[in-house]
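S.K.: Before I ask anything, here is the structure I am working with.
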Amino acid sequence: MPRFAYNVGVRIYMDYAATTPTDPRVLEAMRPYFTEVFGNASSVHSFGQEARAAVDRARRTLAEALGCQPSEVVLTSGATEADNWAVVGVALAHEAKGRHLVVSSVEHRAVLEPARWLASRGWEVTFLPVDRHGRVDPDDVRRALRDDTVLVSVMHANNEVGTVQPVAEVARVARERGVLVHTDATQTLGALPVRVDELGVDLLSASAHKRYGPKGVGLLYVRRGVRVEPLLRGGSHERGRRAGTENVPAIVGFGKAVELALADREAEQARVRALRDRLVCGLLELEGAVLTGHPSERLANNAHLCFEDVESESLLLALDLRGVAASSGSACTAGSLEPSHVLRAMGVPRELAAGALRLTLGRWTTQAEVDAAVELVREAVAELRRALPRARSTARG
Amino acid sequence: MRRVYLDHSATSPPLPEVVEAVRDALERFPGNPASLHGLGVEAEGLLERSREAVALSLGAEPSEVVFTSGGTEANNLAVFGAAWARQDPHVVVSAFEHSSVLEPARRLKESGVAVDFCPVDGEGFVRLDALEDLLRPNTALVSVVLVNNEVGTLQPVAEVARLLDRAQARWGRRPLLHTDAVQALGHVLFRVRDLGADLVTVSAHKLGGPKGVGALFVRRGVRLRPLVLGGDQERGLRAGTPNLPGIAGFAAAVRFWDREGDHLRDRLRQLSGRLRAGLQALGGLRWNTPSDVDRTAPHILNVSVPGLRGEVLVHRLEQEGVYASTGSACHSRRAHPSHVLLAMGRSKAEAVSAVRLSLGPETTEDDVDHAVAAFRAALEDLRFLVRS
């Protein structure tokens, strides 16, 4: 395993769900495309053709990973763009059929907000409930479907609590009614098997930087024949579906990152799962610690807990001072004092949700780090709880 | 064989310091700028330093710079974002905008928005008289490119701004002014406030920066409807984890041009003058780029060989090691006459016979002379194809 500079020294990175360091092998694969092979993949001359060939190779790798045709993979600037495009693009292209969407209430904001925007423009959106583990019930999907439903969007695994959704069952229900299915696989590509036919989905979003690839590149899988209105217009790139000069080095890096992740996926997942279980066991020994999310149907690298009588942001800062990089949930909503919409949907009480901590492990996590993290969280929680009664009495006084 | 790259307007080779900045960001700034922990804070620091560099180069405040995935996204955000944020908007765009402005405008028109396409004159300049006639009390957005990407003409954007001031005096409401400055940044000195623009699109990879990153200047107080939702990044105007390595590379590119720009612009002007003179001596050419140095960018030359299809000449030039294009790379896969040249009143036959040569910082006099020789050889071989 190539060395990751931030793994040596004092820092313990446990925020792999927010973003991952770019693997040095990915960086190496990208390097020529910053220098000698710098062409515009749309140029007809040889500079352009060399760039085009590299984009096509990466696209084939990604298509093989997803079990689809290369022509069904559309490269984007990231998963947020892909999610926005899937939701808005399907809704606009299928307006003649109807203006009803079904999305789970624990989706990433990149799905929820476009859905809400459509709602403000006259679409109807059904937000699916989840159980206390954060899972969608396919029967709820069945009940939500209507003759004018054009899309069901249920993420493959949740970015905060790591719960894996029954996407294949959801898709079966939707497809029986002839409704298109989108899944946000940002957290899962390279971690779980992500085969579009096994999942039964028509659209799927993914991102490179969650899997040791570079930031600024992602994809939307669009099943052949599925009509989607473009989000970005102005060129014949990506077969006219997504305009803009191809980000060649990043696309090459995305291909390499997925190739590397798939090469040892099962062994790496087993390794990370064992570390995560060790971490969770250690943390659950702390008083007032509750594991959030599903006990078994969850991402192997995700540990999400809520601590009683601890305020999330203070805990993160206390951990950061101790060299542990963690999160309360999604980095995209970091800084917000509102309890996470995911925890609310799961029915986690507000006081408990306020003490959320997400620790996500990855390629460079070691057992020594896990053991150190358990101790440092213990210390931090104890320190904050000692300070708490004082803070409360001050507030009252 | 010697390779002379004269297609910088399609994309330019990343500058060495850009490659270094990207590598540094990838290796030393792995965090997500939105994360609260130390790695996130460091990443955010790099993001904000980069934003300051781009803002400085544009003459903007850092908070007015919104990073995007490139010029295309920034243009889409400007056009859709301005129209969607307003009731009953009327939109005017020049007829020879880049397709990332034209196609959003056409889509708005399809969905019922009033859109007008402002004509341009035979030299490649937007017609201000026609533009003024098109303005209405409900005009929400006027979009005029700063440097046309195919013919390199520098548009009178500051004069367009004055027309909009007059519209405001008349109707009490000033339309937003957007300019696509993708081909201009670095190559032409401009400050967003001197242009009087509310929205300005720039892209990194046209000036030696990385692909996959651009920005939209959004003047303080201007309301836009975001195109990409789902996060608080970029002041809510553009959700998604920022492409930090790309953004750091963009900053390195603008710093390079801020430092070397005066000298580079002179050199590009001198080299393109030499190229123009060399080609002129070959005879039988029709220039699509005017010779007026005050009204053209220093690095783009567009020329037609009447009767000879542009792509035939481009392929022949490539055999001589000279890499040019027929126009925009964004439509290179479709053999169709350039919409820019058609808007300038060229015939269909003339519009399919154009070749664009675009120079960059690493272009030398020898490169230019080689290109002239390649052109001469190509024309000698291909003259028989030319029907008079």
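Naming works like this for the structure tokens: A, B, ... for the chains as they're shown, residue 1 at the start of each chain, ligands 1 onward in shown order.
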Where does DSSP see alpha helix (DSSP H) in range 36-164 of chain A, if you list the residues as a ChimeraX atom specification?
M.R.: /A:46-66,79-93,109-120,138-144
S.K.: Do a neighbour search on range 54-68 of chain A at 8 Å with only C-alpha atoms, toss out local chain neighbours closer than 5 positions, and write the hits as a list in words.
M.R.: Ala41, Val73, Val194, Arg195, Val196, Asp197, Val248, Ile251, Val252, Phe254, Gly255, Lys256, Val258, Glu259 and Leu262 of chain A
S.K.: For the structure I just gave you, how does DSSP split range 243-336 of chain A - specifically, which residues are strand (DSSP E or B)? Reply as a VMD selection string.
M.R.: chain A and resid 289 to 291 298 302 to 307 324 to 325 327
S.K.: Counting only C-alpha atoms, which residues from chain B have an atom at most 6 Å from any atom of chain A, and could you show them as a PDB file with N, CA and C atoms, in the first residue's frame?
M.R.:
```
ATOM      1  N   THR B  11      -7.792  24.251 -25.930  1.00  0.00           N
ATOM      2  CA  THR B  11      -7.272  24.051 -24.585  1.00  0.00           C
ATOM      3  C   THR B  11      -5.788  24.341 -24.655  1.00  0.00           C
ATOM      4  N   PRO B  13      -1.761  23.931 -22.929  1.00  0.00           N
ATOM      5  CA  PRO B  13      -0.975  23.050 -22.066  1.00  0.00           C
ATOM      6  C   PRO B  13      -0.846  23.652 -20.671  1.00  0.00           C
ATOM      7  N   PRO B  30      -5.692  16.969   1.398  1.00  0.00           N
ATOM      8  CA  PRO B  30      -6.672  15.934   1.048  1.00  0.00           C
ATOM      9  C   PRO B  30      -8.064  16.190   1.609  1.00  0.00           C
ATOM     10  N   ASN B  32     -11.828  17.811   2.836  1.00  0.00           N
ATOM     11  CA  ASN B  32     -12.991  18.431   2.221  1.00  0.00           C
ATOM     12  C   ASN B  32     -13.132  19.819   2.847  1.00  0.00           C
ATOM     13  N   ALA B  34     -15.375  21.688   3.413  1.00  0.00           N
ATOM     14  CA  ALA B  34     -16.545  21.899   4.259  1.00  0.00           C
ATOM     15  C   ALA B  34     -16.405  21.217   5.612  1.00  0.00           C
ATOM     16  N   SER B  35     -15.394  20.361   5.783  1.00  0.00           N
ATOM     17  CA  SER B  35     -15.235  19.651   7.055  1.00  0.00           C
ATOM     18  C   SER B  35     -14.724  20.603   8.127  1.00  0.00           C
ATOM     19  N   HIS B  37     -12.873  19.797  10.797  1.00  0.00           N
ATOM     20  CA  HIS B  37     -11.597  19.440  11.431  1.00  0.00           C
ATOM     21  C   HIS B  37     -10.418  20.078  10.702  1.00  0.00           C
ATOM     22  N   SER B  69     -17.524  23.986 -12.479  1.00  0.00           N
ATOM     23  CA  SER B  69     -16.756  22.924 -13.131  1.00  0.00           C
ATOM     24  C   SER B  69     -16.170  23.386 -14.457  1.00  0.00           C
ATOM     25  N   THR B  72     -18.409  26.292 -19.346  1.00  0.00           N
ATOM     26  CA  THR B  72     -19.744  25.882 -19.795  1.00  0.00           C
ATOM     27  C   THR B  72     -20.740  25.965 -18.649  1.00  0.00           C
ATOM     28  N   SER B  99     -21.666  28.284 -27.716  1.00  0.00           N
ATOM     29  CA  SER B  99     -22.913  27.506 -27.622  1.00  0.00           C
ATOM     30  C   SER B  99     -23.344  27.276 -26.176  1.00  0.00           C
ATOM     31  N   SER B 100     -22.435  27.453 -25.208  1.00  0.00           N
ATOM     32  CA  SER B 100     -22.863  27.284 -23.805  1.00  0.00           C
ATOM     33  C   SER B 100     -23.650  28.496 -23.302  1.00  0.00           C
ATOM     34  N   GLU B 103     -27.164  27.833 -26.337  1.00  0.00           N
ATOM     35  CA  GLU B 103     -28.096  26.720 -26.137  1.00  0.00           C
ATOM     36  C   GLU B 103     -28.978  26.908 -24.909  1.00  0.00           C
ATOM     37  N   LYS B 211      -8.102  21.601 -16.642  1.00  0.00           N
ATOM     38  CA  LYS B 211      -9.481  21.413 -17.095  1.00  0.00           C
ATOM     39  C   LYS B 211     -10.364  21.141 -15.872  1.00  0.00           C
ATOM     40  N   GLY B 212     -11.657  21.329 -16.068  1.00  0.00           N
ATOM     41  CA  GLY B 212     -12.592  20.959 -15.007  1.00  0.00           C
ATOM     42  C   GLY B 212     -12.799  22.033 -13.966  1.00  0.00           C
ATOM     43  N   VAL B 228     -26.992  23.931  -9.673  1.00  0.00           N
ATOM     44  CA  VAL B 228     -26.650  22.696  -8.962  1.00  0.00           C
ATOM     45  C   VAL B 228     -26.936  22.940  -7.483  1.00  0.00           C
ATOM     46  N   LEU B 229     -27.931  22.227  -6.952  1.00  0.00           N
ATOM     47  CA  LEU B 229     -28.386  22.434  -5.577  1.00  0.00           C
ATOM     48  C   LEU B 229     -27.882  21.319  -4.672  1.00  0.00           C
ATOM     49  N   GLY B 230     -27.978  21.572  -3.364  1.00  0.00           N
ATOM     50  CA  GLY B 230     -27.731  20.465  -2.438  1.00  0.00           C
ATOM     51  C   GLY B 230     -26.551  20.647  -1.518  1.00  0.00           C
ATOM     52  N   GLY B 231     -26.195  21.879  -1.223  1.00  0.00           N
ATOM     53  CA  GLY B 231     -25.097  22.118  -0.288  1.00  0.00           C
ATOM     54  C   GLY B 231     -24.885  23.605  -0.172  1.00  0.00           C
ATOM     55  N   GLY B 240     -21.814  21.135  -4.047  1.00  0.00           N
ATOM     56  CA  GLY B 240     -20.872  20.090  -4.467  1.00  0.00           C
ATOM     57  C   GLY B 240     -19.515  20.337  -3.845  1.00  0.00           C
ATOM     58  N   ASN B 243     -13.705  21.348  -6.376  1.00  0.00           N
ATOM     59  CA  ASN B 243     -12.584  20.674  -7.036  1.00  0.00           C
ATOM     60  C   ASN B 243     -11.307  21.402  -6.615  1.00  0.00           C
ATOM     61  N   ALA B 329     -13.888  23.667 -30.652  1.00  0.00           N
ATOM     62  CA  ALA B 329     -13.715  22.225 -30.446  1.00  0.00           C
ATOM     63  C   ALA B 329     -15.008  21.586 -29.964  1.00  0.00           C
ATOM     64  N   CYS B 330     -15.868  22.404 -29.377  1.00  0.00           N
ATOM     65  CA  CYS B 330     -17.077  21.858 -28.776  1.00  0.00           C
ATOM     66  C   CYS B 330     -18.031  21.276 -29.812  1.00  0.00           C
ATOM     67  N   HIS B 331     -17.817  21.626 -31.061  1.00  0.00           N
ATOM     68  CA  HIS B 331     -18.693  21.077 -32.094  1.00  0.00           C
ATOM     69  C   HIS B 331     -17.890  20.401 -33.190  1.00  0.00           C
TER      70      HIS B 331
END
```
S.K.: Residues within 6 Å of Arg225 in chain B, please, as a ChimeraX atom specification. Count only C-alpha atoms; anything in the same chain fewer than 3 positions from it doesn't count.
M.R.: /B:81,84-85
S.K.: Work out how far apart CA of Glu320 in chain B and CA of Leu279 in chain B are and give it in Å to one decimal.
M.R.: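 Separation between CA of Glu320 in chain B and CA of Leu279 in chain B: 15.5 Å.
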S.K.: Would you tabulate, counting only C-alpha atoms, all residues of range 184-234 of chain B that have an atom at most 8 Å from an atom of range 160-173 of chain B, showing the closest pair of atoms and their distance in Å to one decimal, sorted by chain then ascending number, as a Markdown table?
M.R.:
```
| residue | atom | partner | partner_atom | distance |
| --- | --- | --- | --- | --- |
| B:Leu195 | CA | B:Ala161 | CA | 7.0 |
| B:Gly196 | CA | B:Ala161 | CA | 5.4 |
| B:Ala197 | CA | B:Ala161 | CA | 6.9 |
```
